[in-house]
Structure formats: C-alpha cells, structure tokens
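Quick notes on the structure that follows.
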Amino acid sequence: MVDGLDVCPSALKKEMSSQSSAAEYCFKVGETSAGILKEKLNEFGPKISPSGSFSIGYTLPFPLLSYVDFDESGSFSIDEAKVAHRLKLLKETDRDVVLYLFYNHFSTSYNAVVESEVARLDPDGLMQLADGSIPIDGYFSNKTYPWVINDPDALINKIRVAAIDEVMNQLCDMNQADIDKVRALTVLGELHHIYPDFFNGMSFRSDFLTTDYSPATVARFQQYLQDEYGSIQRLNEVFDAVFTEFEDIYPPSKNINSEPLESFFQHVDYSSSGILTLHGWAVRKDGKPVNIKIYVDGQFAGNAEYGLNRMDVYQAKLGSGHAAVGYRYLLDIKSLEAGVHTVDIVYNDNGRETLLKTLEVPVMGRSQATPKLVSDGLNLEQEKSLDYWHDYPKSMQPVFYNLLSLAFYEFRKKAVSEEVERYSRQAGSFCLEKSKVFSHQIAPVFNSDWSEEKLAVSDTFKKNEYYQLGFNAYGAAFYSDYTFSWLQEKGVELYGMPEVHAMLHDEEMILKALKRHNAEGAVFISPYYVEIKPGTFKEDEEHSKFKVESGNAAYHSDSFFRAVAAVMVK
C-alpha cells in the first residue's frame, strides 16, 4: 500500500503546502507520481529477486467516492477524467500492480465532503445501533460512516456500482500489456458491521453493541426468517415461541443481565448466540507454544487454540518476543444443561497438567431460576512457571442461549458475505480473469481478544466462485503458526494479503513468514504502508508509525523494511 500516489514531481518542486492542493495541481497538469513511485520501490531492492520467487510491485487504490460529482438536484455522476488520471499511473509504471477498488466505511474524499453529502441525500443508507443512533466515528485522521450492508437500492451502493463500472471499463480499454500488469484486484476493503468506539470496540471489554437495527434491515431480517421457516407456526415450534406474524419479530437488542426485558427473545450479548468465547494469553519462558486444555465439569472438552495475535502483550514487553501468545476456546453452551458448570483451563506440559484458571459458568434457562452446581472441577496444582492471564469471561457471569440471537447473527453474516460476493461478481465480469479477484477483509479469527460476532465476517472466508480469499494481517496474524494451520485446515491454496504489518522486531521471523506465505499460495503481500509524499505535508502522527521504511522504529517498521529488502536479494 502506497500513500501519496496523487502527488507528482512538479508539485513537489513548487513546494505546495498540502497533499490536497498538490493532488489538484497534478490532476490539472496531467502528471502522475510514476517517477517518485519508482524511486521508492527501488529502495526495497531489485524488481525481481534472484530466485524469481518475489517481485516488488505496488497497490493502486481507486477511492471510488472521490470520483463522484453531485449536481443541484442530487443526481450523481462519475468523473471519467479522474479515473483516467489514476489509470495513467498504471500505464507509466513498469511494475506488477494490485488494484484496490476502495469504498467501505472509511472516508476517501477530501474532508469527507462527498460522504457527508451521500449521508444527507440518503440517511436510510446508514446502519443504526439498537437505540437508533448512527455510529459515525473516526479512525486516525479518517471519518468512518456505517453504510448499510446488502441493500442494492441504497445510494451508496448505486454509486459503488457506477464507479466500479467506470474503472473497469477504462481499464479494459487499455493496451493488453498494461492490463497484464494487474496481478490481482481487491474489492471494497474491510466490510463488516460497525460498533461504537471504532478504534477499540472489537474486543470483549465493552458492552455488546453492533449494527444493524435500521428499519429496512429489520424488515430484511423478518423476510429472512420467513424464507428460513416458511410459516410463523413452524418458527414458533422451533423457537418455542408465540409470535403471531413475522412482522412482530424484532432483532434481539437488550442484555438480560443489565436491562429489563419484555420477552426473553430480546436478549443479546457476547454468548447469547450459543458460543461462549474463553480467551487469554500464556507464555513459556523458552518461547515455545503452550498446550492448553479445557475441562468442563471434570471432563475433557477440547484443546484451546493457541498462537493467536495479542499485540498488547508483546507491546507491554511481556513474553517470548512475539505476539503469537493468545489462546481461545469456543465453548458451545447450546447443549449444556441449566446449572453452574465448572470450567478448568489447564496447562499441559508433556502430560503434566497444572491449573491456570477455574471458572464457574452459570448456564441459565428462560425462567432464570437459580442455577445449581452441576459438578466440581479438577483438583490440580496451580501453574507457577508460565506468565499468563485469563481475560474473558469472569467467573459466575451468567450466560443465556437465545435462538433468535443466533438467527440474527446468521442473517448479519449472510448480508456481509452477499455484499462482498455481489461486488466481486461485478468486478470479475470484465476483462480480468476471475482468479485475480480477491476480497480485502478484516480477520478477527486471528486475534484471540476480538469478537467475531460483532463484525459478522466469517462467511466471507468460505470458499466461493466469485473471489479468492484476501485478508489483512497485523502482528502475529502475519507470522504465527496458527495462521498457516488455519489456511491448511480451510483448504486455502490461493490467497492474497492486502494489508500487512508484522509489528515485530525479529527480522528473521518476518523473513521466514514472507517465504512461508509465498510457498503456501500467497499471490501478493502488501506491506502497510509506504509513503512517497514529502514530510513537509501534514500527516497523522499515530498513523505514520506504520510507515515501512528504514528510519522508522515505531511498531518495528524498520525491521519490516529490512526483512522485505532481504527477501529481494536472497
């Protein structure tokens, strides 16, 4: 990923004061950043590595909303000249390229002027939280807008369709030699449901709040239930409910532990869909993987997943020198009888078992009767050699399984998946091979302390006929053994990594991961990010910590730079 692609050499000579004014000037004179880009890419080494296994290219984003113009009536058009100017950079740059059709919740127009206008013209095109509020937020210097998911009639989606058509039509009118430079194409960017506190809100630390409760989406959910069950009588049989019609069913929106409910079916929290996520972190002094076993009521239930990303632990200078120290176990509470179940989290060291944590988990019924202890747990010695911490849940935190909560989660996942499929199908209907179309997705599965249900993206990771898997990987999500095991278990043979930053000091470990991804089927790995605009332009200091360059020690960006440079010469 490259920032500053809209800045040209002559604008730098004029010493313009801002990126927006430089971009406007470069567009006006028809000059691209091809020369500056070439110099920057050359810093990483030769165009192709001696082995032929790696080449240095770039990602060319098309911020679709920045190509939109509105007239006085509110009708929109796509600025063909701006699209052509961006494609001119592809023509003038002799490198492989990943095209990025960028248009998700992040603002792309200057000062979010276009986003604000779209929101004004079509307020129904924004998702809502259960209280009716619209979670417009910010991320670094970008404003974020919760555009509605899977509503083709929303203005936002009409603009996406028109902009993608324009980009792809112009691309396919280019010379074949230029078209052949395209290594891959990613669609939309990270597409997911939105929650309050965008920067930190994906974890389990805050209340379970997510989208979408807008009237149109509620109606689509009701139709989804009708399609699934056929009749209200059948749904009532399955749910043990007494709904009179589908229009009476509202998505779960209240937490039974903290709010009064009119009906049990209103309950929603982190476990109401039937899965209680147990997570924490553990580190051996020798840095080797930790085997963690889960026992429920004294009986072995399964092994916890280990090696997931925990950047907070690594950045706190704890542990083994990397972030792959998180553990997670998904406890299925749907089949557990009502009562207080004893869950033991156990460290297994070559057959010697010691106790990390004991949790008492009250599995509640609809009646909310006082639960009784089902069984005692194990009697084990407390573990003393590991550094570890169990984050979630707390002991004696009641859990309630609500089938309607699960249905709403399945509906939300389906909506995200269908949205990505629709735009992938559109982008793949032009001159590029379908095998070159990739998703560009956030991946909570690789982070032990992220809630997958809040984002509802897991269905986008399933094999399909419209796109190859593309997932972003920060921290241990890039280099952990868990990531590679996950890819193998899912049968993923071809994938892309649209945004990557190892955030790791160990250059050898980064180098090993680059080679391993190459061997496992990664078509492209896009470091996030490289900067070509001058330091005299205003920049977000927090965001600039991700700049992959030799002099940037923040987030060990310099180590990442050197590892990429090393793979190009070995």
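Residue names in the structure tokens use chain letters A, B, ... in the order shown, residue numbers from 1 in each chain, and ligand numbers from 1 in the order shown.
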
Problem - Distance query A:Leu511 at most 12 Å, only C-alpha atoms, self and fewer than 5 positions along chain excluded, as a ChimeraX atom specification - result: /A:478-479,502,504-506,516-518,559-570

Practice task
Could you tell me, as a PyMOL selection string, which residues of stretch 266-442 of chain A DSSP assigns to strand (DSSP E) when given the backbone?
Solution key: chain A and resi 275-283+292-296+299-303+305-309+324-332+339-349+352-364+387-392+399-400+437-438

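Proximity ranking of A:Leu404, A:Leu330, A:Val113, A:Leu494 relative to A:Phe239 places A:Leu404 first, based on only C-alpha atoms.
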
Exercise for the section: Check stretch 477-542 of chain A with DSSP on the backbone and list each residue it calls alpha helix (DSSP H), as a ChimeraX atom specification. Expected result: /A:477-479,481-489,507-520

Handout entry: Selected residue, from A:Asn303, A:Lys414, A:Ser272, A:Tyr25, that lies nearest to A:Val363 when counting only C-alpha atoms
Key =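 Looking only at the distances to A:Val363, the closest residue turns out to be A:Ser272.
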
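Within 12 Å of A:Pro152, once only C-alpha atoms are used and residues closer than 3 positions along the same chain are dropped, the contacting residues are Gly125, Trp147, Val148, Ile149, Leu155, Ile156, Asn157, Lys158, Ile159, Arg160, Val161, Ala216, Ala415, Glu418, Glu419, Arg422 and Tyr423 of chain A.
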
Handout entry: For A:Gly201: contacts at 12 Å, only C-alpha atoms, fewer than 2 positions along chain excluded, given as an NGL selection string
Key = :A and (135 or 137 or 139 or 193-199 or 203-210 or 449-452 or 454-455)

Exercise for the section: Name all residues at most 8 Å from A:Arg183 (count only C-alpha atoms; drop same-chain ones fewer than 3 positions away) and give them as a list in words. Expected result: Asp96, Val97, Val98, Asp180, Lys436, Val523 and Phe524 of chain A

Problem - Which of A:Asn379, A:Thr144, A:Ser271, A:Asn402 sits closest to A:Val361 [using only C-alpha atoms] - result: A:Ser271
